[in-house]
Amino acid sequence: MREIAEGVALAATAKFRLIASLVALALFLLFVLIIGSSMMAVLTGSSAAGACGPNQGGTLPVADNDNGAADEQVQNAQLIDKAAAALGLSGKASRIAIITALGESSLINIAHDDDATNPDGSTADGGGLFQQQPSQGWGTWEQIMDPTYAATSFLIGAKHDRSGGLVSVAGWETMEPTLAIHKVQINSDPNHYARFYAEADEIISRAGIDVNRTGEGAGTGPVECVPVGPIGAAVYPLDQPYNMTSGFGPRDIDIPGASSWHPAIDYQNWPNPCGQPVYAVLPGTVITSDRLWLSIKSEEGYVISYLHMYKSERVVGVGETVTAGQKIGAVGNEGPSGGCHLDIRIDVSGNTNPQVAALPRGDASAGAGNYVNPLDFFPLFGLDSCPDWCSKP
């Protein structure tokens, strides 16, 4: 009997050990599955993070809070901080931008203006976090309503070329924040933003933002998304307003040497088009500068060409790298041409970006098979190149 009892006890012990081992194995596999899913989301870009478009900073986690407005404030603060970090700017720049947005929109991405009056007496037509106004050159309505794009504009200027915005204010890092902000926003009261310091610091704390972050080595892009979209943000090629005088596709034309199938868009400042400045719509390297053509190749392989500028009035040459918004020349009438205007055409034969590759091309039988319609192309980079104020033929 004792031997039987001992045998039963040993069997029970072995069974218990087997069950315990199976439970431990199941828990280990569950842990591996969870970790693996998390790592895959990081590597491939989860649905919460999303893919980076030309002007999108991705979706960031929001702090737990029963107040929806407070949640949005935290999320917008995080987006502003990510925009600053992507530009290599310090945590101090993030704090100043967050204070600004609090003073302009309560850090809520509002789709209307704040009933303000501009210094010239006109009524403001702004919106978004920073109440930036399309009529004042801050971008399209869609752009100013994109928190990442709007924050970038506040930090480095409307052209996103560091020629304006906070970074253009001499000594901004040591100035009283409200005074530095006033230099950018031109508020009627230079001290308006001082009242928002404490609230900004509270939101910054809840958002987990490090305002002591230095500007060195702060990265080159948003980290919560996978940059699969085209590189860069487009800017207008001419001072606004301007008109579109000829579209993409077949056209009736009696100018000798001009194509009847137009693989381009023509723009013109009216009524004085000649000599108006021409700006690079996107960054790249100048690869051609001959009598008629100035061509700039993107690092993604497509080539944007600007036609009819007189070569003597161009300010960039072959081999030079240009930035979006940089002046490259002046509107001219180099023939074949029926008057001063800017012809912009986009050759995608060397393009490597899948979004650009998906665009429809021109008529190959007319020699336009490598070209895409600029009105389809530029929206990939956040630009409606002929919005409501731009009349079309």
# chains A, B, ... in the order shown; residues from 1 in each chain; ligands from 1

$ closest_atom_pairs --of "stretch 80-187 of chain A" --to "stretch 194-218 of chain A" --cutoff "10 Å" --atoms "only C-alpha atoms" --output "CSV"
residue,atom,partner,partner_atom,distance
A:Asp81,CA,A:Ile209,CA,7.1
A:Lys82,CA,A:Ile209,CA,9.4
A:Ala84,CA,A:Ala218,CA,8.7
A:Ala85,CA,A:Ala218,CA,5.3
A:Ala86,CA,A:Ala218,CA,6.5
A:Leu87,CA,A:Ala218,CA,7.4
A:Gly88,CA,A:Ala218,CA,4.5
A:Leu89,CA,A:Gly215,CA,4.4
A:Ser90,CA,A:Gly215,CA,4.0
A:Gly91,CA,A:Val211,CA,3.8
A:Lys92,CA,A:Val211,CA,5.4
A:Ala93,CA,A:Val211,CA,8.2
A:Ser94,CA,A:Val211,CA,7.0
A:Arg95,CA,A:Val211,CA,6.5
A:Ile96,CA,A:Ala200,CA,8.9
A:Ala97,CA,A:Ala200,CA,9.7
A:Ile98,CA,A:Ala200,CA,6.4
A:Ile99,CA,A:Ala200,CA,5.6
A:Thr100,CA,A:Phe196,CA,8.3
A:Ala101,CA,A:Ala200,CA,9.3
A:Leu102,CA,A:Phe196,CA,6.6
A:Gly103,CA,A:Phe196,CA,6.5
A:Ser106,CA,A:Phe196,CA,9.3
A:Leu107,CA,A:Ala200,CA,9.3
A:Glu176,CA,A:Ala194,CA,8.7
A:Pro177,CA,A:Ala194,CA,7.4
A:Thr178,CA,A:Ala194,CA,5.4
A:Leu179,CA,A:Ala194,CA,8.8
A:Ile181,CA,A:Ala194,CA,9.9

$ select_by_dssp --residues "stretch 74-250 of chain A" --states "helix (DSSP H, G or I)" --output "JSON, numbers by chain"
{"A": [74, 75, 76, 77, 78, 79, 80, 81, 82, 83, 84, 85, 86, 91, 92, 93, 94, 95, 96, 97, 98, 99, 100, 101, 102, 103, 104, 105, 134, 135, 136, 141, 142, 143, 144, 147, 148, 149, 150, 151, 152, 153, 154, 155, 156, 166, 167, 168, 177, 178, 179, 180, 181, 182, 183, 184, 185, 192, 193, 194, 195, 196, 197, 198, 199, 200, 201, 202, 203, 204, 205, 206, 207]}

$ write_last_selection --atoms "C-alpha atoms" --output "PDB file, in the first residue's frame"
ATOM      1  CA  VAL A  74      -1.928  67.805 -25.272  1.00  0.00           C
ATOM      2  CA  GLN A  75      -1.918  66.161 -28.698  1.00  0.00           C
ATOM      3  CA  ASN A  76      -1.355  69.467 -30.482  1.00  0.00           C
ATOM      4  CA  ALA A  77       1.464  70.325 -28.082  1.00  0.00           C
ATOM      5  CA  GLN A  78       3.100  66.992 -28.927  1.00  0.00           C
ATOM      6  CA  LEU A  79       2.755  67.644 -32.666  1.00  0.00           C
ATOM      7  CA  ILE A  80       4.339  71.084 -32.250  1.00  0.00           C
ATOM      8  CA  ASP A  81       7.223  69.585 -30.296  1.00  0.00           C
ATOM      9  CA  LYS A  82       7.773  66.892 -32.931  1.00  0.00           C
ATOM     10  CA  ALA A  83       7.836  69.570 -35.649  1.00  0.00           C
ATOM     11  CA  ALA A  84      10.457  71.545 -33.711  1.00  0.00           C
ATOM     12  CA  ALA A  85      12.576  68.454 -33.071  1.00  0.00           C
ATOM     13  CA  ALA A  86      12.369  67.471 -36.750  1.00  0.00           C
ATOM     14  CA  GLY A  91      12.816  72.363 -26.483  1.00  0.00           C
ATOM     15  CA  LYS A  92      12.729  76.102 -25.871  1.00  0.00           C
ATOM     16  CA  ALA A  93      11.430  76.567 -29.416  1.00  0.00           C
ATOM     17  CA  SER A  94       8.703  74.019 -28.688  1.00  0.00           C
ATOM     18  CA  ARG A  95       7.678  75.908 -25.537  1.00  0.00           C
ATOM     19  CA  ILE A  96       7.521  79.239 -27.357  1.00  0.00           C
ATOM     20  CA  ALA A  97       5.431  77.744 -30.161  1.00  0.00           C
ATOM     21  CA  ILE A  98       3.038  76.133 -27.656  1.00  0.00           C
ATOM     22  CA  ILE A  99       2.647  79.444 -25.810  1.00  0.00           C
ATOM     23  CA  THR A 100       1.895  81.084 -29.160  1.00  0.00           C
ATOM     24  CA  ALA A 101      -0.784  78.557 -30.079  1.00  0.00           C
ATOM     25  CA  LEU A 102      -2.404  78.969 -26.671  1.00  0.00           C
ATOM     26  CA  GLY A 103      -2.541  82.724 -27.195  1.00  0.00           C
ATOM     27  CA  GLU A 104      -3.936  82.381 -30.720  1.00  0.00           C
ATOM     28  CA  SER A 105      -6.345  79.450 -30.572  1.00  0.00           C
ATOM     29  CA  PRO A 134      -3.794  82.505 -46.396  1.00  0.00           C
ATOM     30  CA  SER A 135      -4.216  86.111 -47.570  1.00  0.00           C
ATOM     31  CA  GLN A 136      -0.963  86.984 -45.803  1.00  0.00           C
ATOM     32  CA  TRP A 141      -6.338  76.674 -45.968  1.00  0.00           C
ATOM     33  CA  GLU A 142      -5.461  72.970 -45.902  1.00  0.00           C
ATOM     34  CA  GLN A 143      -1.863  73.791 -44.986  1.00  0.00           C
ATOM     35  CA  ILE A 144      -2.635  76.164 -42.110  1.00  0.00           C
ATOM     36  CA  PRO A 147      -0.764  71.342 -37.138  1.00  0.00           C
ATOM     37  CA  THR A 148       2.657  70.103 -38.262  1.00  0.00           C
ATOM     38  CA  TYR A 149       2.748  72.358 -41.316  1.00  0.00           C
ATOM     39  CA  ALA A 150       1.487  75.350 -39.311  1.00  0.00           C
ATOM     40  CA  ALA A 151       4.032  74.794 -36.537  1.00  0.00           C
ATOM     41  CA  THR A 152       6.817  74.525 -39.105  1.00  0.00           C
ATOM     42  CA  SER A 153       5.687  77.820 -40.648  1.00  0.00           C
ATOM     43  CA  PHE A 154       5.727  79.549 -37.264  1.00  0.00           C
ATOM     44  CA  LEU A 155       9.178  78.194 -36.471  1.00  0.00           C
ATOM     45  CA  ILE A 156      11.031  78.742 -39.765  1.00  0.00           C
ATOM     46  CA  LEU A 166      10.868  82.365 -34.933  1.00  0.00           C
ATOM     47  CA  VAL A 167      14.366  81.418 -36.098  1.00  0.00           C
ATOM     48  CA  SER A 168      14.647  84.708 -38.013  1.00  0.00           C
ATOM     49  CA  PRO A 177       9.008  84.691 -25.066  1.00  0.00           C
ATOM     50  CA  THR A 178       6.065  87.050 -25.577  1.00  0.00           C
ATOM     51  CA  LEU A 179       8.331  89.598 -27.294  1.00  0.00           C
ATOM     52  CA  ALA A 180       9.884  86.979 -29.574  1.00  0.00           C
ATOM     53  CA  ILE A 181       6.406  85.718 -30.463  1.00  0.00           C
ATOM     54  CA  HIS A 182       5.231  89.256 -31.191  1.00  0.00           C
ATOM     55  CA  LYS A 183       7.980  89.617 -33.806  1.00  0.00           C
ATOM     56  CA  VAL A 184       6.394  86.731 -35.726  1.00  0.00           C
ATOM     57  CA  GLN A 185       2.689  87.152 -35.010  1.00  0.00           C
ATOM     58  CA  HIS A 192      -0.351  89.348 -24.935  1.00  0.00           C
ATOM     59  CA  TYR A 193       1.311  85.929 -24.740  1.00  0.00           C
ATOM     60  CA  ALA A 194       2.821  86.329 -21.267  1.00  0.00           C
ATOM     61  CA  ARG A 195      -0.466  85.379 -19.623  1.00  0.00           C
ATOM     62  CA  PHE A 196      -0.231  81.885 -21.155  1.00  0.00           C
ATOM     63  CA  TYR A 197       3.149  80.865 -19.729  1.00  0.00           C
ATOM     64  CA  ALA A 198       1.810  78.905 -16.753  1.00  0.00           C
ATOM     65  CA  GLU A 199      -0.901  77.118 -18.733  1.00  0.00           C
ATOM     66  CA  ALA A 200       1.630  76.183 -21.416  1.00  0.00           C
ATOM     67  CA  ASP A 201       3.987  74.714 -18.831  1.00  0.00           C
ATOM     68  CA  GLU A 202       1.173  72.617 -17.371  1.00  0.00           C
ATOM     69  CA  ILE A 203       0.257  71.210 -20.795  1.00  0.00           C
ATOM     70  CA  ILE A 204       3.926  70.643 -21.609  1.00  0.00           C
ATOM     71  CA  SER A 205       4.282  68.616 -18.418  1.00  0.00           C
ATOM     72  CA  ARG A 206       1.242  66.463 -19.216  1.00  0.00           C
ATOM     73  CA  ALA A 207       2.451  65.977 -22.781  1.00  0.00           C
TER      74      ALA A 207
END

$ residues_around --residues "A:Tyr242" --least-positions-apart "5" --cutoff "12 Å" --atoms "only C-alpha atoms" --output "PyMOL selection string"
chain A and resi 236-237+266-273+276-278+341-342+385-392

$ write_last_selection --atoms "N, CA and C atoms" --output "tab-separated table (two decimals), in the first residue's frame"
chain	number	residue	atom	x	y	z
A	236	TYR	N	4.56	78.29	-53.61
A	236	TYR	CA	4.09	78.91	-54.85
A	236	TYR	C	5.26	79.35	-55.73
A	237	PRO	N	5.11	79.21	-57.06
A	237	PRO	CA	6.20	79.59	-57.96
A	237	PRO	C	6.30	81.09	-58.21
A	266	ASP	N	1.01	76.99	-67.59
A	266	ASP	CA	1.55	78.34	-67.71
A	266	ASP	C	0.93	79.24	-66.65
A	267	TYR	N	1.80	80.03	-65.98
A	267	TYR	CA	1.36	80.96	-64.96
A	267	TYR	C	1.82	82.38	-65.33
A	268	GLN	N	1.06	83.35	-64.80
A	268	GLN	CA	1.39	84.73	-65.14
A	268	GLN	C	0.85	85.68	-64.08
A	269	ASN	N	1.70	86.59	-63.63
A	269	ASN	CA	1.23	87.70	-62.79
A	269	ASN	C	0.61	88.75	-63.70
A	270	TRP	N	-0.60	89.14	-63.42
A	270	TRP	CA	-1.29	90.10	-64.27
A	270	TRP	C	-1.62	91.35	-63.43
A	271	PRO	N	-1.46	92.56	-64.00
A	271	PRO	CA	-1.25	92.89	-65.42
A	271	PRO	C	0.21	93.14	-65.79
A	272	ASN	N	1.14	92.93	-64.86
A	272	ASN	CA	2.55	93.22	-65.15
A	272	ASN	C	3.38	91.96	-64.97
A	273	PRO	N	3.33	91.03	-65.93
A	273	PRO	CA	4.00	89.73	-65.73
A	273	PRO	C	5.51	89.77	-65.88
A	276	GLN	N	8.75	89.51	-62.98
A	276	GLN	CA	8.31	89.08	-61.65
A	276	GLN	C	9.20	87.93	-61.17
A	277	PRO	N	9.49	87.86	-59.86
A	277	PRO	CA	10.38	86.79	-59.36
A	277	PRO	C	9.77	85.41	-59.53
A	278	VAL	N	10.64	84.44	-59.83
A	278	VAL	CA	10.24	83.04	-59.93
A	278	VAL	C	10.93	82.28	-58.81
A	341	HIS	N	5.54	84.91	-69.39
A	341	HIS	CA	4.83	83.97	-68.52
A	341	HIS	C	5.83	82.91	-68.06
A	342	LEU	N	5.39	82.08	-67.11
A	342	LEU	CA	6.21	80.99	-66.60
A	342	LEU	C	5.57	79.67	-66.97
A	385	SER	N	-1.65	74.54	-56.54
A	385	SER	CA	-0.91	75.58	-57.25
A	385	SER	C	-1.81	76.56	-58.00
A	386	CYS	N	-3.10	76.28	-58.06
A	386	CYS	CA	-4.03	77.26	-58.63
A	386	CYS	C	-5.32	77.23	-57.83
A	387	PRO	N	-5.30	77.85	-56.62
A	387	PRO	CA	-6.48	77.84	-55.74
A	387	PRO	C	-7.55	78.82	-56.22
A	388	ASP	N	-8.49	79.16	-55.35
A	388	ASP	CA	-9.65	79.96	-55.74
A	388	ASP	C	-9.26	81.31	-56.34
A	389	TRP	N	-8.21	81.93	-55.83
A	389	TRP	CA	-7.85	83.27	-56.34
A	389	TRP	C	-7.12	83.21	-57.68
A	390	CYS	N	-6.81	81.99	-58.16
A	390	CYS	CA	-6.07	81.81	-59.41
A	390	CYS	C	-7.09	81.49	-60.53
A	391	SER	N	-7.28	82.42	-61.45
A	391	SER	CA	-8.21	82.19	-62.54
A	391	SER	C	-7.61	81.22	-63.55
A	392	LYS	N	-8.47	80.37	-64.13
A	392	LYS	CA	-8.02	79.36	-65.09
A	392	LYS	C	-8.61	79.68	-66.47

$ atom_distance --atom1 "atom CA of A:Gly139" --atom2 "atom CA of A:Val235"
8.1 Å

$ closest_residue --among "A:Tyr310, A:Phe130, A:Trp261, A:Trp138" --to "A:Gly362" --atoms "only C-alpha atoms"
A:Trp261

$ atom_distance --atom1 "atom CA of A:Ala324" --atom2 "atom CA of A:Gln355"
19.7 Å

$ closest_residue --among "A:Cys274, A:Asp71, A:Pro393, A:Tyr371" --to "A:Val331" --atoms "only C-alpha atoms"
A:Cys274

$ residues_around --residues "A:Leu383" --least-positions-apart "3" --cutoff "7 Å" --atoms "only C-alpha atoms" --output "PDB file with N, CA and C atoms, in the first residue's frame"
ATOM      1  N   ALA A 234       5.843  71.876 -51.009  1.00  0.00           N
ATOM      2  CA  ALA A 234       5.902  72.785 -52.147  1.00  0.00           C
ATOM      3  C   ALA A 234       5.475  74.193 -51.751  1.00  0.00           C
ATOM      4  N   VAL A 235       5.997  75.176 -52.478  1.00  0.00           N
ATOM      5  CA  VAL A 235       5.620  76.570 -52.289  1.00  0.00           C
ATOM      6  C   VAL A 235       5.213  77.151 -53.643  1.00  0.00           C
ATOM      7  N   PHE A 378       1.519  68.655 -57.609  1.00  0.00           N
ATOM      8  CA  PHE A 378       1.839  69.499 -56.452  1.00  0.00           C
ATOM      9  C   PHE A 378       0.997  69.214 -55.209  1.00  0.00           C
ATOM     10  N   PRO A 379      -0.281  68.792 -55.336  1.00  0.00           N
ATOM     11  CA  PRO A 379      -1.025  68.448 -54.112  1.00  0.00           C
ATOM     12  C   PRO A 379      -0.389  67.328 -53.296  1.00  0.00           C
TER      13      PRO A 379
END

$ decode --residues "stretch 311-341 of chain A" --atoms "N, CA and C atoms" --output "JSON list (two decimals), in the first residue's frame"
[["chain", "number", "residue", "atom", "x", "y", "z"],
["A", 311, "LYS", "N", 18.06, 83.81, -69.70],
["A", 311, "LYS", "CA", 19.19, 83.24, -68.98],
["A", 311, "LYS", "C", 19.94, 84.31, -68.19],
["A", 312, "SER", "N", 19.96, 85.53, -68.72],
["A", 312, "SER", "CA", 20.67, 86.63, -68.04],
["A", 312, "SER", "C", 20.00, 87.03, -66.73],
["A", 313, "GLU", "N", 18.73, 86.63, -66.54],
["A", 313, "GLU", "CA", 17.99, 87.01, -65.34],
["A", 313, "GLU", "C", 17.88, 85.87, -64.34],
["A", 314, "ARG", "N", 18.54, 84.75, -64.62],
["A", 314, "ARG", "CA", 18.53, 83.64, -63.66],
["A", 314, "ARG", "C", 19.60, 83.88, -62.60],
["A", 315, "VAL", "N", 19.33, 83.41, -61.39],
["A", 315, "VAL", "CA", 20.27, 83.65, -60.29],
["A", 315, "VAL", "C", 20.85, 82.34, -59.75],
["A", 316, "VAL", "N", 20.58, 81.22, -60.43],
["A", 316, "VAL", "CA", 21.18, 79.94, -60.08],
["A", 316, "VAL", "C", 21.72, 79.29, -61.35],
["A", 317, "GLY", "N", 22.69, 78.42, -61.20],
["A", 317, "GLY", "CA", 23.30, 77.76, -62.34],
["A", 317, "GLY", "C", 23.44, 76.27, -62.15],
["A", 318, "VAL", "N", 23.87, 75.58, -63.16],
["A", 318, "VAL", "CA", 24.02, 74.13, -63.14],
["A", 318, "VAL", "C", 24.94, 73.71, -62.00],
["A", 319, "GLY", "N", 24.50, 72.69, -61.27],
["A", 319, "GLY", "CA", 25.27, 72.16, -60.16],
["A", 319, "GLY", "C", 24.88, 72.73, -58.81],
["A", 320, "GLU", "N", 24.14, 73.83, -58.80],
["A", 320, "GLU", "CA", 23.74, 74.46, -57.54],
["A", 320, "GLU", "C", 22.54, 73.73, -56.93],
["A", 321, "THR", "N", 22.54, 73.65, -55.62],
["A", 321, "THR", "CA", 21.40, 73.09, -54.88],
["A", 321, "THR", "C", 20.49, 74.23, -54.45],
["A", 322, "VAL", "N", 19.19, 74.06, -54.70],
["A", 322, "VAL", "CA", 18.24, 75.11, -54.34],
["A", 322, "VAL", "C", 17.23, 74.56, -53.35],
["A", 323, "THR", "N", 16.65, 75.45, -52.58],
["A", 323, "THR", "CA", 15.62, 75.09, -51.62],
["A", 323, "THR", "C", 14.26, 75.56, -52.11],
["A", 324, "ALA", "N", 13.20, 74.97, -51.58],
["A", 324, "ALA", "CA", 11.85, 75.40, -51.93],
["A", 324, "ALA", "C", 11.67, 76.85, -51.50],
["A", 325, "GLY", "N", 11.15, 77.67, -52.40],
["A", 325, "GLY", "CA", 10.93, 79.07, -52.10],
["A", 325, "GLY", "C", 12.10, 79.97, -52.46],
["A", 326, "GLN", "N", 13.22, 79.39, -52.87],
["A", 326, "GLN", "CA", 14.38, 80.20, -53.25],
["A", 326, "GLN", "C", 14.15, 80.84, -54.62],
["A", 327, "LYS", "N", 14.50, 82.11, -54.73],
["A", 327, "LYS", "CA", 14.36, 82.78, -56.02],
["A", 327, "LYS", "C", 15.38, 82.19, -57.00],
["A", 328, "ILE", "N", 14.89, 81.85, -58.21],
["A", 328, "ILE", "CA", 15.77, 81.26, -59.21],
["A", 328, "ILE", "C", 15.88, 82.12, -60.47],
["A", 329, "GLY", "N", 15.04, 83.12, -60.60],
["A", 329, "GLY", "CA", 15.08, 83.97, -61.78],
["A", 329, "GLY", "C", 13.89, 84.89, -61.85],
["A", 330, "ALA", "N", 13.58, 85.33, -63.07],
["A", 330, "ALA", "CA", 12.47, 86.27, -63.27],
["A", 330, "ALA", "C", 11.66, 85.84, -64.49],
["A", 331, "VAL", "N", 10.37, 86.13, -64.46],
["A", 331, "VAL", "CA", 9.48, 85.79, -65.57],
["A", 331, "VAL", "C", 9.94, 86.52, -66.83],
["A", 332, "GLY", "N", 10.08, 85.76, -67.93],
["A", 332, "GLY", "CA", 10.54, 86.35, -69.18],
["A", 332, "GLY", "C", 9.69, 85.93, -70.36],
["A", 333, "ASN", "N", 10.20, 86.22, -71.56],
["A", 333, "ASN", "CA", 9.47, 85.94, -72.80],
["A", 333, "ASN", "C", 10.39, 85.25, -73.81],
["A", 334, "GLU", "N", 11.30, 84.41, -73.28],
["A", 334, "GLU", "CA", 12.19, 83.68, -74.17],
["A", 334, "GLU", "C", 11.36, 82.73, -75.03],
["A", 335, "GLY", "N", 11.53, 82.79, -76.35],
["A", 335, "GLY", "CA", 10.68, 82.05, -77.26],
["A", 335, "GLY", "C", 11.03, 80.57, -77.39],
["A", 336, "PRO", "N", 10.04, 79.81, -77.92],
["A", 336, "PRO", "CA", 8.77, 80.29, -78.46],
["A", 336, "PRO", "C", 7.80, 80.69, -77.36],
["A", 337, "SER", "N", 7.26, 81.88, -77.47],
["A", 337, "SER", "CA", 6.40, 82.42, -76.42],
["A", 337, "SER", "C", 5.55, 83.55, -77.00],
["A", 338, "GLY", "N", 4.36, 83.69, -76.46],
["A", 338, "GLY", "CA", 3.47, 84.76, -76.91],
["A", 338, "GLY", "C", 3.37, 85.90, -75.93],
["A", 339, "GLY", "N", 4.29, 85.96, -74.97],
["A", 339, "GLY", "CA", 4.27, 87.00, -73.95],
["A", 339, "GLY", "C", 4.89, 86.49, -72.68],
["A", 340, "CYS", "N", 5.25, 87.41, -71.79],
["A", 340, "CYS", "CA", 5.91, 87.01, -70.54],
["A", 340, "CYS", "C", 5.02, 86.09, -69.71],
["A", 341, "HIS", "N", 5.54, 84.91, -69.39],
["A", 341, "HIS", "CA", 4.83, 83.97, -68.52],
["A", 341, "HIS", "C", 5.83, 82.91, -68.06]]
